[in-house]
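Engineer: File follows, work15.cif with mmCIF, C-alpha atoms:
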data_coords
loop_
_atom_site.group_PDB
_atom_site.id
_atom_site.type_symbol
_atom_site.label_atom_id
_atom_site.label_comp_id
_atom_site.auth_asym_id
_atom_site.auth_seq_id
_atom_site.Cartn_x
_atom_site.Cartn_y
_atom_site.Cartn_z
ATOM 1 C CA MET K 29 -16.901 -9.382 8.129
ATOM 2 C CA ALA K 30 -16.330 -10.468 4.586
ATOM 3 C CA MET K 31 -17.548 -9.345 1.188
ATOM 4 C CA THR K 32 -18.469 -11.191 -1.975
ATOM 5 C CA ALA K 33 -16.673 -10.598 -5.245
ATOM 6 C CA ASN K 34 -19.930 -9.206 -6.660
ATOM 7 C CA GLU K 35 -20.223 -6.640 -3.879
ATOM 8 C CA ILE K 36 -16.683 -5.477 -4.560
ATOM 9 C CA GLU K 37 -17.275 -5.255 -8.275
ATOM 10 C CA GLU K 38 -20.514 -3.280 -7.794
ATOM 11 C CA LEU K 39 -18.768 -0.811 -5.520
ATOM 12 C CA LEU K 40 -15.922 -0.326 -7.969
ATOM 13 C CA LEU K 41 -18.266 0.092 -10.925
ATOM 14 C CA LYS K 42 -19.943 3.010 -9.128
ATOM 15 C CA SER K 43 -16.674 4.929 -9.350
ATOM 16 C CA PHE K 44 -15.348 3.421 -12.572
ATOM 17 C CA PRO K 45 -18.482 2.755 -14.650
ATOM 18 C CA ASN K 46 -16.662 1.679 -17.811
ATOM 19 C CA ALA K 47 -13.837 -0.239 -16.215
ATOM 20 C CA LYS K 48 -12.824 -3.775 -17.015
ATOM 21 C CA ILE K 49 -12.746 -5.497 -13.659
ATOM 22 C CA THR K 50 -11.584 -9.003 -12.814
ATOM 23 C CA ILE K 51 -11.851 -10.198 -9.237
ATOM 24 C CA ASP K 52 -10.349 -13.393 -7.850
ATOM 25 C CA ASP K 53 -11.184 -14.816 -4.459
ATOM 26 C CA LEU K 54 -7.681 -15.896 -3.511
ATOM 27 C CA ARG K 55 -8.474 -18.198 -0.632
ATOM 28 C CA GLY K 56 -12.177 -18.770 -0.963
ATOM 29 C CA ASP K 57 -12.717 -17.119 2.427
ATOM 30 C CA GLY K 58 -14.397 -13.917 1.202
ATOM 31 C CA ASP K 59 -11.636 -11.866 2.776
ATOM 32 C CA HIS K 60 -8.646 -12.093 0.453
ATOM 33 C CA TYR K 61 -9.181 -10.899 -3.082
ATOM 34 C CA ALA K 62 -7.149 -9.801 -6.031
ATOM 35 C CA ALA K 63 -8.637 -7.215 -8.372
ATOM 36 C CA LYS K 64 -7.419 -6.283 -11.792
ATOM 37 C CA ILE K 65 -8.922 -2.990 -12.905
ATOM 38 C CA VAL K 66 -8.444 -1.349 -16.265
ATOM 39 C CA ALA K 67 -10.086 2.076 -16.213
ATOM 40 C CA ALA K 68 -9.791 5.238 -18.277
ATOM 41 C CA GLU K 69 -9.913 7.222 -15.016
ATOM 42 C CA PHE K 70 -6.392 5.965 -14.225
ATOM 43 C CA LYS K 71 -4.832 7.676 -17.189
ATOM 44 C CA GLY K 72 -2.024 10.037 -16.202
ATOM 45 C CA LYS K 73 -2.136 8.965 -12.538
ATOM 46 C CA THR K 74 0.717 7.407 -10.621
ATOM 47 C CA ARG K 75 0.268 3.906 -9.310
ATOM 48 C CA VAL K 76 -0.150 5.250 -5.773
ATOM 49 C CA GLN K 77 -2.881 7.609 -6.979
ATOM 50 C CA GLN K 78 -4.600 4.798 -8.872
ATOM 51 C CA HIS K 79 -4.683 2.600 -5.792
ATOM 52 C CA GLN K 80 -5.909 5.515 -3.663
ATOM 53 C CA MET K 81 -8.763 6.010 -6.128
ATOM 54 C CA VAL K 82 -9.689 2.351 -5.758
ATOM 55 C CA TYR K 83 -9.519 2.516 -1.964
ATOM 56 C CA ASN K 84 -11.744 5.592 -2.011
ATOM 57 C CA ALA K 85 -14.178 3.748 -4.255
ATOM 58 C CA MET K 86 -14.265 1.011 -1.620
ATOM 59 C CA ASN K 87 -15.873 3.492 0.756
ATOM 60 C CA GLY K 88 -13.761 2.761 3.809
ATOM 61 C CA LYS K 89 -14.361 -0.971 3.597
ATOM 62 C CA MET K 90 -10.732 -1.632 2.801
ATOM 63 C CA GLY K 91 -8.821 -2.558 5.923
ATOM 64 C CA THR K 92 -12.081 -3.021 7.862
ATOM 65 C CA ASP K 93 -14.679 -5.244 6.149
ATOM 66 C CA LEU K 94 -12.062 -6.465 3.766
ATOM 67 C CA HIS K 95 -8.648 -7.550 4.931
ATOM 68 C CA ALA K 96 -6.887 -7.933 1.639
ATOM 69 C CA LEU K 97 -7.480 -6.704 -1.857
ATOM 70 C CA ALA K 98 -4.404 -7.093 -4.001
ATOM 71 C CA LEU K 99 -4.563 -4.480 -6.727
ATOM 72 C CA ASN K 100 -3.367 -4.368 -10.280
ATOM 73 C CA THR K 101 -4.466 -1.130 -11.916
ATOM 74 C CA SER K 102 -3.870 0.339 -15.326
ATOM 75 C CA ALA K 103 -5.356 2.617 -17.948
ATOM 76 C CA PRO K 104 -6.514 1.099 -21.247
ATOM 77 C CA ASN K 105 -3.743 0.643 -23.858
ATOM 78 C CA SER K 106 -0.894 1.512 -21.570
ATOM 79 C CA MET R 15 -5.864 12.529 13.835
ATOM 80 C CA GLU R 16 -4.295 14.470 16.672
ATOM 81 C CA GLN R 17 -1.683 17.003 15.797
ATOM 82 C CA ASN R 18 1.015 15.365 17.914
ATOM 83 C CA THR R 19 0.434 11.997 16.216
ATOM 84 C CA LYS R 20 0.883 13.690 12.870
ATOM 85 C CA GLU R 21 4.072 15.370 14.053
ATOM 86 C CA LYS R 22 5.343 12.135 15.514
ATOM 87 C CA ILE R 23 4.831 10.358 12.182
ATOM 88 C CA GLN R 24 6.352 13.214 10.196
ATOM 89 C CA ASN R 25 9.422 13.235 12.460
ATOM 90 C CA ILE R 26 10.030 9.513 12.048
ATOM 91 C CA ILE R 27 9.689 9.877 8.276
ATOM 92 C CA ASN R 28 12.076 12.831 8.218
ATOM 93 C CA GLU R 29 14.675 10.997 10.254
ATOM 94 C CA ASN R 30 14.774 7.775 8.247
ATOM 95 C CA GLU R 31 15.856 7.605 4.640
ATOM 96 C CA VAL R 32 14.150 4.289 3.971
ATOM 97 C CA LEU R 33 11.330 3.573 6.361
ATOM 98 C CA LEU R 34 8.836 0.731 6.454
ATOM 99 C CA PHE R 35 5.675 0.908 8.529
ATOM 100 C CA MET R 36 4.908 -2.734 9.113
ATOM 101 C CA LYS R 37 3.244 -5.301 11.350
ATOM 102 C CA GLY R 38 5.932 -6.965 13.423
ATOM 103 C CA THR R 39 9.660 -6.611 12.893
ATOM 104 C CA PRO R 40 11.905 -7.424 9.925
ATOM 105 C CA VAL R 41 13.137 -10.494 11.795
ATOM 106 C CA MET R 42 9.650 -11.510 12.846
ATOM 107 C CA PRO R 43 6.961 -10.041 10.589
ATOM 108 C CA GLN R 44 3.407 -10.579 11.865
ATOM 109 C CA CYS R 45 1.701 -10.370 8.501
ATOM 110 C CA GLY R 46 2.415 -11.881 5.100
ATOM 111 C CA PHE R 47 2.191 -8.547 3.304
ATOM 112 C CA SER R 48 4.725 -6.936 5.616
ATOM 113 C CA ALA R 49 6.937 -9.997 5.236
ATOM 114 C CA ALA R 50 6.776 -9.675 1.445
ATOM 115 C CA VAL R 51 8.085 -6.102 1.475
ATOM 116 C CA VAL R 52 10.817 -6.967 3.985
ATOM 117 C CA GLY R 53 11.754 -9.809 1.633
ATOM 118 C CA VAL R 54 12.048 -7.483 -1.367
ATOM 119 C CA LEU R 55 14.160 -4.902 0.475
ATOM 120 C CA SER R 56 16.426 -7.547 1.964
ATOM 121 C CA HIS R 57 16.818 -9.263 -1.382
ATOM 122 C CA MET R 58 17.863 -5.952 -2.931
ATOM 123 C CA GLY R 59 20.276 -5.245 -0.101
ATOM 124 C CA ILE R 60 18.562 -1.996 0.838
ATOM 125 C CA LYS R 61 19.143 -0.915 4.409
ATOM 126 C CA PHE R 62 15.934 0.255 6.046
ATOM 127 C CA ASN R 63 14.422 1.121 9.368
ATOM 128 C CA SER R 64 10.996 0.002 10.418
ATOM 129 C CA VAL R 65 8.141 0.947 12.713
ATOM 130 C CA ASN R 66 6.110 -1.872 14.219
ATOM 131 C CA VAL R 67 2.592 -0.443 14.120
ATOM 132 C CA LEU R 68 1.320 -3.250 16.343
ATOM 133 C CA GLU R 69 3.251 -1.681 19.207
ATOM 134 C CA ASP R 70 1.787 1.764 18.681
ATOM 135 C CA PRO R 71 -1.985 1.999 18.094
ATOM 136 C CA GLU R 72 -1.686 5.749 17.613
ATOM 137 C CA ILE R 73 0.690 5.330 14.666
ATOM 138 C CA ARG R 74 -1.200 2.297 13.382
ATOM 139 C CA GLU R 75 -4.347 4.377 12.858
ATOM 140 C CA GLY R 76 -2.571 7.670 12.213
ATOM 141 C CA ILE R 77 -0.413 6.449 9.339
ATOM 142 C CA LYS R 78 -3.497 5.385 7.369
ATOM 143 C CA GLU R 79 -4.833 8.917 7.424
ATOM 144 C CA PHE R 80 -1.382 10.436 7.007
ATOM 145 C CA SER R 81 -0.720 8.578 3.754
ATOM 146 C CA ASP R 82 -4.369 8.356 2.670
ATOM 147 C CA TRP R 83 -3.714 4.629 2.471
ATOM 148 C CA PRO R 84 -5.845 2.121 4.386
ATOM 149 C CA THR R 85 -3.416 -0.742 4.750
ATOM 150 C CA ILE R 86 -0.060 -1.690 6.255
ATOM 151 C CA PRO R 87 2.783 -2.092 5.142
ATOM 152 C CA GLN R 88 3.726 1.330 3.797
ATOM 153 C CA LEU R 89 7.139 2.211 2.432
ATOM 154 C CA TYR R 90 8.606 5.712 2.599
ATOM 155 C CA VAL R 91 11.820 6.662 0.799
ATOM 156 C CA LYS R 92 13.283 10.093 1.487
ATOM 157 C CA LYS R 93 9.969 11.350 2.885
ATOM 158 C CA GLU R 94 8.048 10.153 -0.130
ATOM 159 C CA PHE R 95 5.347 7.477 0.067
ATOM 160 C CA VAL R 96 6.292 4.808 -2.471
ATOM 161 C CA GLY R 97 3.481 2.346 -1.931
ATOM 162 C CA GLY R 98 2.102 -0.689 -0.178
ATOM 163 C CA CYS R 99 2.775 -4.358 -0.731
ATOM 164 C CA ASP R 100 1.249 -4.700 -4.235
ATOM 165 C CA ILE R 101 3.090 -1.698 -5.633
ATOM 166 C CA ILE R 102 6.442 -2.652 -4.131
ATOM 167 C CA ARG R 103 6.083 -6.192 -5.422
ATOM 168 C CA GLU R 104 5.096 -5.002 -8.882
ATOM 169 C CA MET R 105 7.926 -2.432 -9.002
ATOM 170 C CA HIS R 106 10.379 -5.097 -7.902
ATOM 171 C CA GLU R 107 9.242 -7.562 -10.541
ATOM 172 C CA ASN R 108 9.495 -5.097 -13.426
ATOM 173 C CA GLY R 109 12.762 -3.544 -12.261
ATOM 174 C CA GLU R 110 11.271 -0.116 -11.481
ATOM 175 C CA LEU R 111 12.205 -0.332 -7.829
ATOM 176 C CA THR R 112 15.922 -0.527 -8.596
ATOM 177 C CA ASP R 113 15.604 2.607 -10.742
ATOM 178 C CA TYR R 114 13.588 4.280 -8.030
ATOM 179 C CA PHE R 115 16.253 3.680 -5.382
ATOM 180 C CA ASN R 116 19.009 4.749 -7.775
ATOM 181 C CA GLN R 117 17.228 7.982 -8.561
ATOM 182 C CA ALA R 118 16.554 8.612 -4.895
ATOM 183 C CA GLY R 119 20.266 8.133 -4.236
ATOM 184 C CA VAL R 120 19.738 5.094 -2.050
ATOM 185 C CA THR R 121 22.375 2.475 -2.708
ATOM 186 C CA ALA R 122 22.303 -1.207 -1.934
ATOM 187 C CA GLU R 123 24.949 -2.671 0.311
#
What's the structure tokens form of this structure?
Structural biologist:
Amino acid sequence: MAMTANEIEELLLKSFPNAKITIDDLRGDGDHYAAKIVAAEFKGKTRVQQHQMVYNAMNGKMGTDLHALALNTSAPNS
Amino acid sequence: MEQNTKEKIQNIINENEVLLFMKGTPVMPQCGFSAAVVGVLSHMGIKFNSVNVLEDPEIREGIKEFSDWPTIPQLYVKKEFVGGCDIIREMHENGELTDYFNQAGVTAE
């Protein structure tokens, strides 16, 4: 089962309402995406923690509905 | 996750300085993301051991909960979870991974 880029963005915005989110559909198959997320919530977190926050925001869809979501996370101005 | 699965995973992590949970083997990775991390470690000359999660469904599911990380591959260095494919790639590209191994006392061959 695949997801659209919009669905992913909506899910992420629920957890990171003020984030700047860019999503690329890498293969055009609805199953391999890259997301760049700049969110204030990431401030002071390690990269592992940042990615865990994103995976939690994905509500268990990561690794099931969605095979691949390459992540690039950062806090604003860092 | 069952307690013995958790112990099994913890034991493997304790016993291996650099450990990669991956799909397939370093010689024959079964997934591009696992292959990418194997490529980075090999390129750096870091000796590592690996667990093929495809051969052990218990570990395959258990490690996700253990690390609170939904995807494979997963790299552990000296019992610490370093990251998955994106993080390892990013750390390799910006030179952080070399520093990380140096600080952890893991030397390249």
Engineer: Find the residues of chain K in contact range of chain R, meaning any atom within 9 Å when counting only C-alpha atoms, and list them as a PyMOL selection string.
Structural biologist: chain K and resi 75-76+79-80+83+88+90-92+95-96+98-100
Engineer: Applying 8 Å and all atoms listed in the file, which residues near K:Leu94 remain after dropping the ones on its own chain fewer than 5 positions away? List them as a list of chain:residue names.
Structural biologist: K:Met29, K:Ala30, K:Met31, K:Asp59, K:His60, K:Lys89
Engineer: Could those selected residues go to a file with C-alpha atoms, as a short mmCIF file (atom, residue, chain, number, x, y, z; two decimals), in the coordinates of the input?
Structural biologist:
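Output file result.cif follows:
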data_model
loop_
_atom_site.label_atom_id
_atom_site.label_comp_id
_atom_site.auth_asym_id
_atom_site.auth_seq_id
_atom_site.Cartn_x
_atom_site.Cartn_y
_atom_site.Cartn_z
CA MET K 29 -16.90 -9.38 8.13
CA ALA K 30 -16.33 -10.47 4.59
CA MET K 31 -17.55 -9.35 1.19
CA ASP K 59 -11.64 -11.87 2.78
CA HIS K 60 -8.65 -12.09 0.45
CA LYS K 89 -14.36 -0.97 3.60
#
Engineer: Please put the answer as JSON: centre and edge lengths, in Å with one decimal, of a box along x, y and z that encloses all listed atoms of stretch 41-46 of chain K plus 5 Å on each side.
Structural biologist:
{"center_x": -17.6, "center_y": 2.5, "center_z": -13.5, "size_x": 14.6, "size_y": 14.8, "size_z": 18.7}
Engineer: Excluding R:Thr112 and residues on its chain fewer than 3 positions from it, collect all residues at most 12 Å away from it, counting all atoms listed in the file, and give them as a list in words.
Structural biologist: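 Using all atoms listed in the file, the neighbours found are Val54, Leu55, His57, Met58, Gly59, Ile60, Ile102, Arg103, Glu104, Met105, His106, Glu107, Asn108, Gly109, Phe115, Asn116, Gln117, Ala118, Gly119, Val120, Thr121 and Ala122 of chain R.
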Engineer: Within 12 Å of stretch 46-56 of chain K, counting all atoms listed in the file, which residues qualify if same-chain residues fewer than 6 places away don't, as a PyMOL selection string?
Structural biologist: chain K and resi 30-40+62-70+82+94-104
Engineer: What's the separation between atom CA of R:Glu79 and atom CA of K:Met86, in Å to one decimal place?
Structural biologist: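 Atom-to-atom, atom CA of R:Glu79 and atom CA of K:Met86 are spaced 15.3 Å apart.
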Engineer: Quick one: of R:Met15, R:Tyr90, R:Pro71, R:Ser56, who's nearest to R:Glu31, counting all atoms listed in the file?
Structural biologist: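 Closest to R:Glu31, using all atoms listed in the file: R:Tyr90.
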Engineer: How would you write as a list in words the residues that get within 12 Å of (13.8, 9.6, 11.1) in the file's frame, counting only C-alpha atoms?
Structural biologist: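 Selection result: Glu21, Lys22, Ile23, Gln24, Asn25, Ile26, Ile27, Asn28, Glu29, Asn30, Glu31, Val32, Leu33, Leu34, Phe62, Asn63, Ser64, Val65, Tyr90, Val91, Lys92 and Lys93 of chain R.
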Engineer: Give me the residues near R:Val67 as an mmCIF file with C-alpha atoms, in the frame of the given file, where near means some atom within 10 Å (using only C-alpha atoms) and where sequence neighbours in that chain fewer than 3 positions away do not count.
Structural biologist:
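Output contents, as saved in selection.cif:
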data_model
loop_
_atom_site.group_PDB
_atom_site.id
_atom_site.type_symbol
_atom_site.label_atom_id
_atom_site.label_comp_id
_atom_site.auth_asym_id
_atom_site.auth_seq_id
_atom_site.Cartn_x
_atom_site.Cartn_y
_atom_site.Cartn_z
ATOM 1 C CA LEU R 34 8.836 0.731 6.454
ATOM 2 C CA PHE R 35 5.675 0.908 8.529
ATOM 3 C CA MET R 36 4.908 -2.734 9.113
ATOM 4 C CA LYS R 37 3.244 -5.301 11.350
ATOM 5 C CA GLY R 38 5.932 -6.965 13.423
ATOM 6 C CA THR R 39 9.660 -6.611 12.893
ATOM 7 C CA SER R 64 10.996 0.002 10.418
ATOM 8 C CA ASP R 70 1.787 1.764 18.681
ATOM 9 C CA PRO R 71 -1.985 1.999 18.094
ATOM 10 C CA GLU R 72 -1.686 5.749 17.613
ATOM 11 C CA ILE R 73 0.690 5.330 14.666
ATOM 12 C CA ARG R 74 -1.200 2.297 13.382
ATOM 13 C CA GLU R 75 -4.347 4.377 12.858
ATOM 14 C CA GLY R 76 -2.571 7.670 12.213
ATOM 15 C CA ILE R 77 -0.413 6.449 9.339
ATOM 16 C CA ILE R 86 -0.060 -1.690 6.255
ATOM 17 C CA PRO R 87 2.783 -2.092 5.142
#
Engineer: By how many Å are atom CA of R:Asn66 and atom CA of K:Asp57 apart?
Structural biologist: 26.9 Å
Engineer: Mind giving me the straight-line distance from atom CA of R:Cys45 to atom CA of K:Thr74 in Å, one decimal?
Structural biologist: 26.1 Å
Engineer: Could I get stretch 51-62 of chain K rebuilt with all heavy atoms, written as a PDB file, keeping the file's coordinate frame?
Structural biologist:
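For reference, part.pdb as written:
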ATOM      1  N   ILE K  51     -12.095  -9.986 -10.663  1.00  0.00           N
ATOM      2  CA  ILE K  51     -11.851 -10.198  -9.237  1.00  0.00           C
ATOM      3  C   ILE K  51     -11.677 -11.692  -8.948  1.00  0.00           C
ATOM      4  O   ILE K  51     -12.492 -12.511  -9.356  1.00  0.00           O
ATOM      5  CB  ILE K  51     -13.001  -9.608  -8.392  1.00  0.00           C
ATOM      6  CG1 ILE K  51     -12.989  -8.080  -8.547  1.00  0.00           C
ATOM      7  CG2 ILE K  51     -12.841  -9.989  -6.921  1.00  0.00           C
ATOM      8  CD1 ILE K  51     -14.147  -7.384  -7.920  1.00  0.00           C
ATOM      9  N   ASP K  52     -10.602 -12.004  -8.246  1.00  0.00           N
ATOM     10  CA  ASP K  52     -10.349 -13.393  -7.850  1.00  0.00           C
ATOM     11  C   ASP K  52     -10.433 -13.512  -6.337  1.00  0.00           C
ATOM     12  O   ASP K  52      -9.855 -12.704  -5.622  1.00  0.00           O
ATOM     13  CB  ASP K  52      -8.934 -13.823  -8.279  1.00  0.00           C
ATOM     14  CG  ASP K  52      -8.840 -14.043  -9.777  1.00  0.00           C
ATOM     15  OD1 ASP K  52      -9.808 -14.593 -10.334  1.00  0.00           O
ATOM     16  OD2 ASP K  52      -7.813 -13.655 -10.362  1.00  0.00           O
ATOM     17  N   ASP K  53     -11.161 -14.511  -5.888  1.00  0.00           N
ATOM     18  CA  ASP K  53     -11.184 -14.816  -4.459  1.00  0.00           C
ATOM     19  C   ASP K  53     -10.002 -15.739  -4.200  1.00  0.00           C
ATOM     20  O   ASP K  53     -10.010 -16.907  -4.557  1.00  0.00           O
ATOM     21  CB  ASP K  53     -12.506 -15.527  -4.129  1.00  0.00           C
ATOM     22  CG  ASP K  53     -12.704 -15.682  -2.630  1.00  0.00           C
ATOM     23  OD1 ASP K  53     -11.705 -15.605  -1.892  1.00  0.00           O
ATOM     24  OD2 ASP K  53     -13.852 -15.905  -2.209  1.00  0.00           O
ATOM     25  N   LEU K  54      -8.960 -15.185  -3.579  1.00  0.00           N
ATOM     26  CA  LEU K  54      -7.681 -15.896  -3.511  1.00  0.00           C
ATOM     27  C   LEU K  54      -7.728 -17.139  -2.633  1.00  0.00           C
ATOM     28  O   LEU K  54      -7.073 -18.121  -2.903  1.00  0.00           O
ATOM     29  CB  LEU K  54      -6.580 -14.951  -3.006  1.00  0.00           C
ATOM     30  CG  LEU K  54      -6.264 -13.746  -3.905  1.00  0.00           C
ATOM     31  CD1 LEU K  54      -5.248 -12.847  -3.243  1.00  0.00           C
ATOM     32  CD2 LEU K  54      -5.741 -14.207  -5.265  1.00  0.00           C
ATOM     33  N   ARG K  55      -8.478 -17.063  -1.545  1.00  0.00           N
ATOM     34  CA  ARG K  55      -8.474 -18.198  -0.632  1.00  0.00           C
ATOM     35  C   ARG K  55      -9.842 -18.832  -0.460  1.00  0.00           C
ATOM     36  O   ARG K  55     -10.011 -19.753   0.329  1.00  0.00           O
ATOM     37  CB  ARG K  55      -7.989 -17.752   0.752  1.00  0.00           C
ATOM     38  CG  ARG K  55      -6.554 -17.313   0.756  1.00  0.00           C
ATOM     39  CD  ARG K  55      -6.062 -17.203   2.189  1.00  0.00           C
ATOM     40  NE  ARG K  55      -4.854 -16.396   2.251  1.00  0.00           N
ATOM     41  CZ  ARG K  55      -4.417 -15.784   3.336  1.00  0.00           C
ATOM     42  NH1 ARG K  55      -5.097 -15.893   4.457  1.00  0.00           N
ATOM     43  NH2 ARG K  55      -3.314 -15.088   3.318  1.00  0.00           N
ATOM     44  N   GLY K  56     -10.826 -18.256  -1.133  1.00  0.00           N
ATOM     45  CA  GLY K  56     -12.177 -18.770  -0.963  1.00  0.00           C
ATOM     46  C   GLY K  56     -12.771 -18.453   0.399  1.00  0.00           C
ATOM     47  O   GLY K  56     -13.735 -19.086   0.834  1.00  0.00           O
ATOM     48  N   ASP K  57     -12.205 -17.446   1.093  1.00  0.00           N
ATOM     49  CA  ASP K  57     -12.717 -17.119   2.427  1.00  0.00           C
ATOM     50  C   ASP K  57     -13.489 -15.796   2.452  1.00  0.00           C
ATOM     51  O   ASP K  57     -13.897 -15.325   3.501  1.00  0.00           O
ATOM     52  CB  ASP K  57     -11.568 -17.078   3.454  1.00  0.00           C
ATOM     53  CG  ASP K  57     -10.537 -15.995   3.122  1.00  0.00           C
ATOM     54  OD1 ASP K  57     -10.716 -15.296   2.102  1.00  0.00           O
ATOM     55  OD2 ASP K  57      -9.574 -15.853   3.887  1.00  0.00           O
ATOM     56  N   GLY K  58     -13.662 -15.177   1.259  1.00  0.00           N
ATOM     57  CA  GLY K  58     -14.397 -13.917   1.202  1.00  0.00           C
ATOM     58  C   GLY K  58     -13.660 -12.770   1.851  1.00  0.00           C
ATOM     59  O   GLY K  58     -14.253 -11.741   2.169  1.00  0.00           O
ATOM     60  N   ASP K  59     -12.390 -12.914   2.077  1.00  0.00           N
ATOM     61  CA  ASP K  59     -11.636 -11.866   2.776  1.00  0.00           C
ATOM     62  C   ASP K  59     -10.316 -11.523   2.104  1.00  0.00           C
ATOM     63  O   ASP K  59      -9.663 -10.555   2.463  1.00  0.00           O
ATOM     64  CB  ASP K  59     -11.386 -12.310   4.219  1.00  0.00           C
ATOM     65  CG  ASP K  59     -11.273 -11.125   5.166  1.00  0.00           C
ATOM     66  OD1 ASP K  59     -11.689 -10.009   4.778  1.00  0.00           O
ATOM     67  OD2 ASP K  59     -10.764 -11.314   6.275  1.00  0.00           O
ATOM     68  N   HIS K  60      -9.907 -12.338   1.155  1.00  0.00           N
ATOM     69  CA  HIS K  60      -8.646 -12.093   0.453  1.00  0.00           C
ATOM     70  C   HIS K  60      -8.895 -12.154  -1.049  1.00  0.00           C
ATOM     71  O   HIS K  60      -9.083 -13.239  -1.599  1.00  0.00           O
ATOM     72  CB  HIS K  60      -7.589 -13.135   0.823  1.00  0.00           C
ATOM     73  CG  HIS K  60      -7.191 -13.084   2.269  1.00  0.00           C
ATOM     74  ND1 HIS K  60      -7.979 -13.606   3.256  1.00  0.00           N
ATOM     75  CD2 HIS K  60      -6.099 -12.560   2.877  1.00  0.00           C
ATOM     76  CE1 HIS K  60      -7.390 -13.402   4.430  1.00  0.00           C
ATOM     77  NE2 HIS K  60      -6.247 -12.771   4.229  1.00  0.00           N
ATOM     78  N   TYR K  61      -8.885 -10.968  -1.660  1.00  0.00           N
ATOM     79  CA  TYR K  61      -9.181 -10.899  -3.082  1.00  0.00           C
ATOM     80  C   TYR K  61      -8.038 -10.264  -3.860  1.00  0.00           C
ATOM     81  O   TYR K  61      -7.213  -9.533  -3.297  1.00  0.00           O
ATOM     82  CB  TYR K  61     -10.427 -10.047  -3.332  1.00  0.00           C
ATOM     83  CG  TYR K  61     -11.716 -10.664  -2.847  1.00  0.00           C
ATOM     84  CD1 TYR K  61     -12.222 -10.343  -1.595  1.00  0.00           C
ATOM     85  CD2 TYR K  61     -12.423 -11.555  -3.646  1.00  0.00           C
ATOM     86  CE1 TYR K  61     -13.419 -10.902  -1.147  1.00  0.00           C
ATOM     87  CE2 TYR K  61     -13.608 -12.113  -3.206  1.00  0.00           C
ATOM     88  CZ  TYR K  61     -14.097 -11.791  -1.958  1.00  0.00           C
ATOM     89  OH  TYR K  61     -15.271 -12.342  -1.529  1.00  0.00           O
ATOM     90  N   ALA K  62      -8.028 -10.534  -5.131  1.00  0.00           N
ATOM     91  CA  ALA K  62      -7.149  -9.801  -6.031  1.00  0.00           C
ATOM     92  C   ALA K  62      -8.041  -9.169  -7.096  1.00  0.00           C
ATOM     93  O   ALA K  62      -8.924  -9.832  -7.636  1.00  0.00           O
ATOM     94  CB  ALA K  62      -6.133 -10.735  -6.677  1.00  0.00           C
TER      95      ALA K  62
END
